[in-house]
Amino acid sequence: MSDSTIQSVDRALTVLRMLAKHGELGVTDIARKLNVHKSTAFRLVTTLETHDLVEQHADRGKYRLGVGVLQLAGATAA
């Protein structure tokens with residue numbers, strides 16, 4: 001990571017890429033892959049969820065990409 005990047009933004013984008021690659025991940029998995037505490041991973045996914053970029057699967061408690069990602073992708077195609 002370069003000195004000009006914002007760590008929290010970098011981590012949030014990394015979460016989105018991980019979910020794109022793995023489909024669904026729990027907070028514990030995300031924390032382990034990011035090498036951060038579970039509370040940090042939870043705050044990251046909660047913030048992404050607020051913006052509809054991730055959603056939590058009700059049955060399993062795992063997170064996956066949300067419809068906000070499709071909205072952003074659609075804007076690039078327009």
# chains A, B, ... in the order shown; residues from 1 in each chain; ligands from 1
>>> residues_around(residues="range 65-78 of chain A", least_positions_apart="6", cutoff="7 Å", atoms="only C-alpha atoms", output="ChimeraX atom specification")
/A:16,19-20,51-55
>>> write_last_selection(atoms="C-alpha atoms", output="short mmCIF file (atom, residue, chain, number, x, y, z; two decimals), in the first residue's frame")
data_model
loop_
_atom_site.label_atom_id
_atom_site.label_comp_id
_atom_site.auth_asym_id
_atom_site.auth_seq_id
_atom_site.Cartn_x
_atom_site.Cartn_y
_atom_site.Cartn_z
CA LEU A 16 -15.40 -6.45 -2.32
CA LEU A 19 -16.43 -11.52 -2.09
CA ALA A 20 -16.27 -11.40 -5.88
CA HIS A 51 -24.37 1.39 0.72
CA ASP A 52 -25.90 -1.84 -0.66
CA LEU A 53 -22.49 -3.04 -1.84
CA VAL A 54 -22.73 -6.18 0.28
CA GLU A 55 -25.63 -8.03 1.83
#
>>> residues_around(residues="Ser8 in chain A", least_positions_apart="6", cutoff="10 Å", atoms="only C-alpha atoms", output="tab-separated table (two decimals) with all heavy atoms, in the first residue's frame")
chain	number	residue	atom	x	y	z
A	14	THR	N	-10.79	-4.27	-0.91
A	14	THR	CA	-10.27	-5.64	-0.82
A	14	THR	C	-11.39	-6.60	-0.43
A	14	THR	O	-11.48	-7.71	-0.97
A	14	THR	CB	-9.10	-5.72	0.17
A	14	THR	OG1	-8.06	-4.83	-0.28
A	14	THR	CG2	-8.55	-7.13	0.28
A	40	THR	N	-13.08	-4.90	13.36
A	40	THR	CA	-12.74	-4.07	12.20
A	40	THR	C	-13.41	-4.61	10.95
A	40	THR	O	-13.99	-3.85	10.17
A	40	THR	CB	-11.21	-4.02	12.01
A	40	THR	OG1	-10.62	-3.48	13.20
A	40	THR	CG2	-10.82	-3.19	10.80
A	44	LEU	N	-16.29	-2.80	8.59
A	44	LEU	CA	-16.13	-2.67	7.14
A	44	LEU	C	-17.35	-3.20	6.39
A	44	LEU	O	-17.91	-2.52	5.53
A	44	LEU	CB	-14.88	-3.41	6.67
A	44	LEU	CG	-13.55	-2.73	6.96
A	44	LEU	CD1	-12.40	-3.72	6.77
A	44	LEU	CD2	-13.35	-1.51	6.08
>>> atom_distance(atom1="CA of Ser4 in chain A", atom2="CA of Lys21 in chain A")
26.2 Å
>>> atom_distance(atom1="CA of Tyr63 in chain A", atom2="CA of Glu24 in chain A")
5.3 Å
>>> atom_distance(atom1="CA of Ala31 in chain A", atom2="CA of Met18 in chain A")
11.4 Å
>>> select_by_dssp(residues="chain A", states="helix (DSSP H, G or I)", output="PyMOL selection string")
chain A and resi 7-22+27-34+38-50+67-77
>>> select_by_dssp(residues="chain A", states="strand (DSSP E or B)", output="PDB file with C-alpha atoms, in the first residue's frame")
ATOM      1  CA  LEU A  25     -17.577 -15.075   3.451  1.00  0.00           C
ATOM      2  CA  VAL A  54     -22.729  -6.177   0.283  1.00  0.00           C
ATOM      3  CA  GLU A  55     -25.629  -8.035   1.830  1.00  0.00           C
ATOM      4  CA  GLN A  56     -25.808 -10.584   4.583  1.00  0.00           C
ATOM      5  CA  TYR A  63     -21.805 -11.739   3.348  1.00  0.00           C
ATOM      6  CA  ARG A  64     -21.987 -11.568  -0.437  1.00  0.00           C
ATOM      7  CA  LEU A  65     -21.928  -8.796  -3.025  1.00  0.00           C
TER       8      LEU A  65
END
>>> closest_residue(among="A:Asp29, A:Gly23, A:Ala12, A:Asp3", to="Thr46 in chain A", atoms="only C-alpha atoms")
A:Ala12
>>> closest_residue(among="A:Thr47, A:Val27, A:Lys33, A:Phe42", to="Gly61 in chain A", atoms="only C-alpha atoms")
A:Val27
